[in-house]
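Next comes run.txt, a file with compact mmCIF, C-alpha atoms.
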# COMPACT_ATOMS: atom_id res chain seq x y z
CA MET A 1 97.45 91.58 91.70
CA THR A 2 96.83 94.47 89.32
CA CYS A 3 94.11 96.29 87.40
CA ARG A 4 90.90 97.31 89.12
CA ILE A 5 90.04 96.57 92.76
CA LEU A 6 86.56 96.86 94.21
CA LEU A 7 86.75 98.06 97.81
CA ALA A 8 83.53 97.43 99.74
CA THR A 9 83.14 99.55 102.86
CA ASP A 10 80.35 101.15 104.85
CA GLY A 11 82.71 103.39 106.76
CA ALA A 12 82.44 101.30 109.93
CA PRO A 13 85.59 100.53 111.99
CA GLN A 14 85.47 96.89 110.83
CA SER A 15 86.35 98.08 107.30
CA LEU A 16 89.38 100.19 108.20
CA GLY A 17 91.93 97.42 107.59
CA ALA A 18 90.40 96.72 104.17
CA VAL A 19 90.85 100.38 103.19
CA ARG A 20 94.50 100.32 104.31
CA VAL A 21 95.20 97.15 102.30
CA ALA A 22 93.47 98.53 99.19
CA ALA A 23 95.53 101.73 99.52
CA ALA A 24 98.76 99.73 99.84
CA LEU A 25 97.91 97.69 96.72
CA ALA A 26 97.04 100.82 94.77
CA GLU A 27 100.32 102.47 95.73
CA ARG A 28 102.49 99.42 95.00
CA ASP A 29 100.83 98.10 91.84
CA GLY A 30 99.12 101.16 90.41
CA CYS A 31 95.70 99.55 90.88
CA GLU A 32 92.59 101.56 90.20
CA VAL A 33 90.32 101.37 93.25
CA GLU A 34 86.56 101.69 93.07
CA VAL A 35 84.82 102.20 96.41
CA LEU A 36 81.37 100.74 96.92
CA THR A 37 79.00 101.03 99.83
CA VAL A 38 75.65 99.25 99.80
CA LEU A 39 72.39 100.78 100.95
CA GLU A 40 70.26 98.00 102.40
CA PRO A 41 66.46 98.35 102.38
CA SER A 42 65.18 99.66 105.70
CA ALA A 43 63.88 96.94 108.00
CA ALA A 44 62.44 96.56 111.45
CA TYR A 45 61.80 93.41 113.39
CA ALA A 46 58.37 92.52 114.73
CA ALA A 47 58.23 90.89 118.15
CA GLY A 48 55.87 88.30 119.48
CA TYR A 49 57.42 85.23 117.90
CA ALA A 50 60.14 82.81 118.91
CA PHE A 51 62.31 84.51 116.29
CA ALA A 52 62.38 87.97 114.73
CA VAL A 53 60.36 88.60 111.59
CA PRO A 54 61.66 91.28 109.20
CA VAL A 55 59.08 93.91 108.27
CA ALA A 56 59.75 96.41 105.47
CA VAL A 57 59.74 100.04 106.57
CA ALA A 58 59.82 103.01 104.23
CA GLY A 59 62.76 105.30 104.92
CA PRO A 60 64.43 108.44 103.55
CA ASP A 61 66.84 106.48 101.37
CA GLY A 62 68.36 109.62 99.88
CA ILE A 63 69.41 110.82 103.32
CA ARG A 64 70.69 107.39 104.30
CA ALA A 65 72.73 107.15 101.09
CA ASP A 66 74.36 110.51 101.82
CA GLU A 67 75.16 109.39 105.37
CA LEU A 68 76.74 106.17 104.10
CA ARG A 69 78.77 108.01 101.50
CA GLY A 70 79.91 110.53 104.10
CA ALA A 71 80.99 107.77 106.51
CA ALA A 72 82.96 106.00 103.78
CA GLN A 73 84.60 109.24 102.64
CA ALA A 74 85.58 110.06 106.24
CA GLN A 75 87.23 106.66 106.50
CA LEU A 76 89.13 107.22 103.26
CA ARG A 77 90.37 110.57 104.56
CA GLN A 78 91.45 108.85 107.78
CA VAL A 79 93.71 106.53 105.77
CA GLY A 80 94.90 109.49 103.71
CA GLY A 81 97.10 109.65 100.67
CA ALA A 82 95.48 108.81 97.35
CA ALA A 83 92.63 107.06 99.18
CA ALA A 84 91.33 110.41 100.43
CA GLY A 85 90.33 111.31 96.88
CA TRP A 86 88.67 108.05 95.84
CA PRO A 87 85.02 108.59 94.82
CA VAL A 88 82.40 106.53 96.67
CA ARG A 89 79.59 104.78 94.82
CA VAL A 90 76.41 103.95 96.74
CA GLU A 91 74.20 101.15 95.41
CA PRO A 92 70.93 99.84 96.87
CA GLY A 93 70.43 96.13 97.49
CA ALA A 94 71.52 93.11 99.49
CA PRO A 95 75.19 93.65 100.41
CA ALA A 96 76.84 90.43 99.17
CA ARG A 97 74.85 90.16 95.96
CA THR A 98 75.39 93.84 95.16
CA VAL A 99 79.15 93.67 95.81
CA ALA A 100 79.56 90.55 93.62
CA ALA A 101 77.44 92.02 90.81
CA CYS A 102 79.31 95.33 90.84
CA ALA A 103 82.67 93.53 90.75
CA GLU A 104 81.58 91.62 87.65
CA GLU A 105 80.02 94.66 86.00
CA ARG A 106 83.14 96.78 86.52
CA GLY A 107 85.61 94.05 85.59
CA ALA A 108 87.30 94.08 88.99
CA ALA A 109 90.29 91.78 89.42
CA ALA A 110 89.63 91.40 93.15
CA ILE A 111 87.27 92.39 95.95
CA VAL A 112 88.63 93.80 99.21
CA LEU A 113 86.30 94.06 102.22
CA GLY A 114 86.28 93.80 105.99
CA LEU A 115 86.44 90.47 107.80
CA GLY A 116 83.51 90.79 110.18
CA ARG A 117 83.05 88.85 113.39
CA HIS A 118 79.80 86.90 113.38
CA GLY A 119 78.11 84.66 115.88
CA ALA A 120 75.58 81.87 115.56
CA VAL A 121 72.64 84.29 115.32
CA ASP A 122 74.27 86.13 112.42
CA ARG A 123 74.83 82.84 110.61
CA TRP A 124 71.22 81.81 111.17
CA LEU A 125 69.95 85.14 109.84
CA GLY A 126 72.34 85.10 106.88
CA ARG A 127 74.45 88.12 107.89
CA GLU A 128 77.91 86.77 107.02
CA THR A 129 78.71 89.24 104.29
CA ALA A 130 82.30 88.22 103.55
CA LEU A 131 81.34 84.55 103.30
CA ASP A 132 78.37 85.33 101.08
CA VAL A 133 80.54 87.45 98.78
CA VAL A 134 82.98 84.54 98.42
CA ARG A 135 80.08 82.28 97.43
CA LEU A 136 78.82 84.68 94.78
CA ALA A 137 81.95 86.34 93.37
CA HIS A 138 83.90 85.21 90.33
CA VAL A 139 87.13 86.91 91.44
CA PRO A 140 89.46 86.60 94.44
CA VAL A 141 88.07 87.99 97.68
CA LEU A 142 90.36 89.46 100.31
CA ALA A 143 88.65 89.67 103.71
CA VAL A 144 90.69 91.93 106.00
CA PRO A 145 90.48 92.37 109.80
CA PRO A 146 90.21 95.96 111.07
CA GLU A 147 93.69 96.02 112.63
CA ALA A 148 95.53 95.22 109.36
CA ASP A 149 97.93 98.04 108.52
CA GLY A 150 98.98 97.18 104.97
CA LEU A 151 100.15 94.31 102.80
CA PRO A 152 100.72 91.05 104.68
CA ARG A 153 104.33 90.18 105.46
CA SER A 154 103.63 86.46 105.78
CA ALA A 155 100.99 84.09 104.44
CA LEU A 156 99.88 80.49 104.79
CA ALA A 157 98.53 78.92 101.61
CA ALA A 158 96.73 75.58 101.77
CA THR A 159 97.38 73.18 98.90
CA ASP A 160 96.07 69.81 97.80
CA PHE A 161 98.29 70.12 94.68
CA SER A 162 95.26 70.87 92.50
CA PRO A 163 95.44 73.79 90.02
CA PHE A 164 92.84 75.57 92.18
CA SER A 165 95.00 75.59 95.29
CA LEU A 166 98.24 76.34 93.44
CA ASP A 167 96.63 79.33 91.77
CA ALA A 168 95.56 80.61 95.20
CA ALA A 169 99.09 80.14 96.53
CA GLY A 170 100.47 82.14 93.62
CA ARG A 171 97.97 84.92 94.24
CA ALA A 172 98.94 84.95 97.93
CA ALA A 173 102.60 85.34 96.94
CA GLU A 174 101.67 88.32 94.75
CA LEU A 175 100.01 90.04 97.68
CA LEU A 176 102.96 89.79 100.06
CA ALA A 177 104.91 92.84 101.10
CA PRO A 178 108.57 93.02 99.97
CA ASP A 179 110.65 90.36 101.73
CA GLY A 180 107.49 88.49 102.64
CA GLU A 181 107.40 84.77 103.37
CA LEU A 182 104.91 82.22 102.08
CA HIS A 183 104.18 79.06 104.06
CA LEU A 184 102.83 76.30 101.82
CA ALA A 185 100.91 73.69 103.80
CA HIS A 186 99.39 70.36 102.88
CA VAL A 187 97.18 68.66 105.46
CA GLY A 188 97.94 64.96 105.35
CA MET A 189 95.73 61.94 105.69
CA GLU A 190 95.65 59.91 108.89
CA ALA A 191 96.91 56.32 108.88
CA PRO A 192 94.30 53.58 108.42
CA ARG A 193 92.89 52.51 111.78
CA GLU A 194 92.65 48.82 110.94
CA GLY A 195 94.95 46.21 109.48
CA ALA A 196 98.67 45.64 109.62
CA GLY A 197 101.06 47.91 107.84
CA GLY A 198 99.27 51.15 108.68
CA ALA A 199 102.41 52.78 110.07
CA GLU A 200 104.44 51.75 107.03
CA TRP A 201 101.71 53.02 104.73
CA LEU A 202 101.74 56.38 106.53
CA ARG A 203 105.53 56.69 106.25
CA THR A 204 105.39 55.98 102.52
CA TYR A 205 102.54 58.42 102.06
CA GLU A 206 104.25 61.21 103.97
CA ALA A 207 107.55 60.71 102.18
CA GLY A 208 105.80 61.13 98.83
CA ALA A 209 103.81 64.09 100.08
CA ARG A 210 106.92 65.82 101.38
CA GLU A 211 108.77 65.35 98.12
CA ARG A 212 105.89 66.74 96.08
CA LEU A 213 105.39 69.64 98.47
CA GLU A 214 109.05 70.61 98.36
CA GLN A 215 109.03 70.49 94.56
CA THR A 216 105.94 72.70 94.52
CA ALA A 217 107.54 75.15 96.97
CA ARG A 218 110.67 75.42 94.82
CA GLY A 219 108.55 76.07 91.74
CA LEU A 220 106.55 78.78 93.48
CA ALA A 221 109.68 80.40 94.90
CA GLY A 222 111.27 80.56 91.46
CA ALA A 223 108.18 81.82 89.68
CA ARG A 224 107.13 84.41 92.27
CA GLN A 225 110.54 85.44 93.67
CA VAL A 226 109.49 84.94 97.28
CA ARG A 227 110.66 82.73 100.13
CA VAL A 228 108.50 79.62 100.37
CA ARG A 229 108.57 77.26 103.36
CA PRO A 230 106.82 73.88 103.00
CA HIS A 231 104.89 72.24 105.86
CA LEU A 232 103.16 68.91 106.30
CA LEU A 233 100.30 69.18 108.78
CA ARG A 234 97.92 66.57 110.17
CA GLY A 235 94.33 66.65 111.29
CA GLU A 236 91.09 68.20 110.14
CA PRO A 237 92.14 70.67 107.41
CA ALA A 238 90.60 73.92 108.64
CA ALA A 239 91.51 73.27 112.28
CA ALA A 240 95.11 72.40 111.33
CA LEU A 241 95.47 75.53 109.21
CA LEU A 242 93.94 77.84 111.83
CA SER A 243 96.13 76.33 114.54
CA PHE A 244 99.27 76.83 112.44
CA ALA A 245 98.28 80.42 111.67
CA GLU A 246 97.69 81.17 115.34
CA ARG A 247 100.94 79.50 116.38
CA THR A 248 103.15 81.25 113.84
CA GLY A 249 101.36 84.58 113.62
CA VAL A 250 101.00 84.62 109.83
CA GLU A 251 99.16 87.66 108.53
CA MET A 252 97.15 86.00 105.77
CA LEU A 253 95.50 82.64 105.07
CA ALA A 254 94.92 81.67 101.44
CA SER A 255 92.66 78.99 100.05
CA GLY A 256 91.62 78.08 96.53
CA SER A 257 88.04 77.30 95.63
CA HIS A 258 86.56 74.71 93.34
CA GLY A 259 84.37 76.47 90.79
CA TYR A 260 81.56 74.02 90.40
CA GLY A 261 78.10 75.56 90.68
CA PHE A 262 75.75 77.58 92.77
CA LEU A 263 74.62 74.59 94.84
CA THR A 264 78.24 73.81 95.69
CA ARG A 265 78.65 77.39 96.84
CA LEU A 266 75.85 76.94 99.33
CA LEU A 267 77.44 73.92 101.02
CA MET A 268 78.54 74.64 104.57
CA GLY A 269 81.49 73.08 106.36
CA SER A 270 84.03 73.79 103.60
CA VAL A 271 87.55 74.84 104.50
CA SER A 272 87.06 78.40 103.25
CA THR A 273 83.91 78.77 105.36
CA ARG A 274 85.76 77.69 108.49
CA LEU A 275 88.76 79.87 107.72
CA LEU A 276 86.59 82.93 107.25
CA ARG A 277 84.77 82.23 110.49
CA GLY A 278 87.79 81.29 112.56
CA ALA A 279 90.70 83.39 111.29
CA ARG A 280 92.06 86.40 113.16
CA CYS A 281 94.09 87.47 110.15
CA THR A 282 93.37 88.38 106.53
CA VAL A 283 91.80 85.59 104.45
CA LEU A 284 92.18 85.27 100.68
CA VAL A 285 89.79 82.96 98.82
CA ALA A 286 90.59 82.69 95.12
CA PRO A 287 88.44 80.92 92.53
CA PRO A 288 90.23 79.25 89.61
CA GLN A 289 90.83 81.67 86.78
CA GLY A 290 87.98 81.74 84.29
CA VAL A 291 85.69 79.58 86.44
CA PRO A 292 82.81 80.82 88.63
CA ALA A 293 83.78 80.92 92.29
CA ALA A 294 82.71 78.59 95.05
CA PRO A 295 83.81 78.23 98.68
CA ALA A 296 87.05 76.30 98.86
CA GLU A 297 86.31 72.64 99.49
CA PRO A 298 89.54 70.68 99.84
CA PRO A 299 89.72 67.14 98.57
CA GLU A 300 89.31 64.35 101.04
CA HIS A 301 93.01 63.55 100.79
CA ALA A 302 95.73 66.08 101.49
CA ALA A 303 99.41 66.23 102.42
CA ALA A 304 102.39 68.55 103.21
CA PRO A 305 105.81 68.47 105.12
CA ASP A 306 105.97 69.23 108.81
CA ALA A 307 105.90 72.82 109.79
CA ASP A 308 109.04 73.66 111.62
CA ARG A 309 111.53 71.37 109.99
CA GLY A 310 113.10 72.27 106.63
CA PRO A 311 114.74 75.54 105.66
CA ALA A 312 112.91 78.09 103.58
CA VAL A 313 113.05 77.48 99.85
CA ARG A 314 113.90 80.43 97.64

Can the structure from this file be put into structure tokens for me?
Amino acid sequence: MTCRILLATDGAPQSLGAVRVAAALAERDGCEVEVLTVLEPSAAYAAGYAFAVPVAVAGPDGIRADELRGAAQAQLRQVGGAAAGWPVRVEPGAPARTVAACAEERGAAAIVLGLGRHGAVDRWLGRETALDVVRLAHVPVLAVPPEADGLPRSALAATDFSPFSLDAAGRAAELLAPDGELHLAHVGMEAPREGAGGAEWLRTYEAGARERLEQTARGLAGARQVRVRPHLLRGEPAAALLSFAERTGVEMLASGSHGYGFLTRLLMGSVSTRLLRGARCTVLVAPPQGVPAAPAEPPEHAAAPDADRGPAVR
């Protein structure tokens, strides 16, 4: 991943990993990093209702902007190196919309930001910034947990063999540290519950899926010069991917997104939504090149060889 990166940070501890990753990318690839922090309108919440009601409050926005800039600059100095000298731009507005708009305006090749932890109340109030940025952005979004210390050394890329998912897998390979390993996973269909021949059907299906997955892994390994290990998983896609990531300790999850339209972006329950909410590691969501982004929504059918069998493909 090269060219310009937009790093979104407010200087809070949750953004520290994102700054480290942006610094590692800049050092390795010569990326230009633009740092953005967003000044939200002041708000207070009136009581007396079953839920909070936002009420606009005038505030000294100039002072708040300086405080935000100072916090972000302190965080950059904490990471050190070239990052200590990056200028910080402060823009007013809603965080996700402002980040996505600035990325498009500045021609950023990717957005790097913190992977926040949100509960049900945050979802209800619309405070899932990373998820909202994914829905609005037209470029890959890298959501990084605070403990990340640099480029990921291993990644799990989900594929349904569509160009969307294969593009995301390729982008994940580009992000890996030297000697990194890419796990390529396809979540397979369950056997039909009724009728004879279900077991035979499943064997045939999985044999075909394994063959295609291994071919795809070999192609990726040759094109990206990384180790690629294919895996066929079963179950609900997001749950299967999160379970694999937890079990193996991969440092990044990658998912492609289908670039349909704004309404598609608003749909909940997609794989990318669940990955962003459930992952403990970095999450990459990449829209297809040249197509507006949308949360990754895997096809109803998916497949990929079983995790711990087969040697790595180079």

- Task: Go through A:Ala238, A:Leu16, A:Ala217, A:Ala168 one by one, measure the shortest atom-to-atom distance of each to Ala83 (chain A) using only C-alpha atoms, and give the residue with the smallest value.
- Result: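 Once distances to Ala83 (chain A) are computed over only C-alpha atoms, the minimum belongs to A:Leu16.
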
- Can you work out which one of A:Trp86, A:Phe164, A:Trp201, A:Phe244 has the shortest atom-to-atom distance to Glu34 (chain A), counting only C-alpha atoms? A:Trp86

- Note on the structure: One decimal place gives the CA of Val271 (chain A)-CA of Pro287 (chain A) separation as 13.5 Å

- Mind listing whatever residues come within 9 Å of the point (101.6, 93.0, 95.4)? Use all atoms listed in the file, file coordinates, and give them as number ranges by chain. A: 1-2, 24-25, 28-29, 151, 171-178

- Query: With only C-alpha atoms as the basis for distance, which of A:Ala74, A:Leu166, A:Ala22, A:Ala158 is at the shortest distance from Ala239 (chain A)?
  - Reply: A:Ala158

- Find the residue from A:Glu40, A:Asp132, A:Asp10, A:Glu91 that sits nearest to Thr273 (chain A); use all atoms listed in the file when measuring.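 Checking each candidate against Thr273 (chain A), we get A:Asp132 as the closest.
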
- Straight-line distance linking CA of Arg227 (chain A) with CA of Leu213 (chain A), stated in Å to one decimal: 14.2 Å
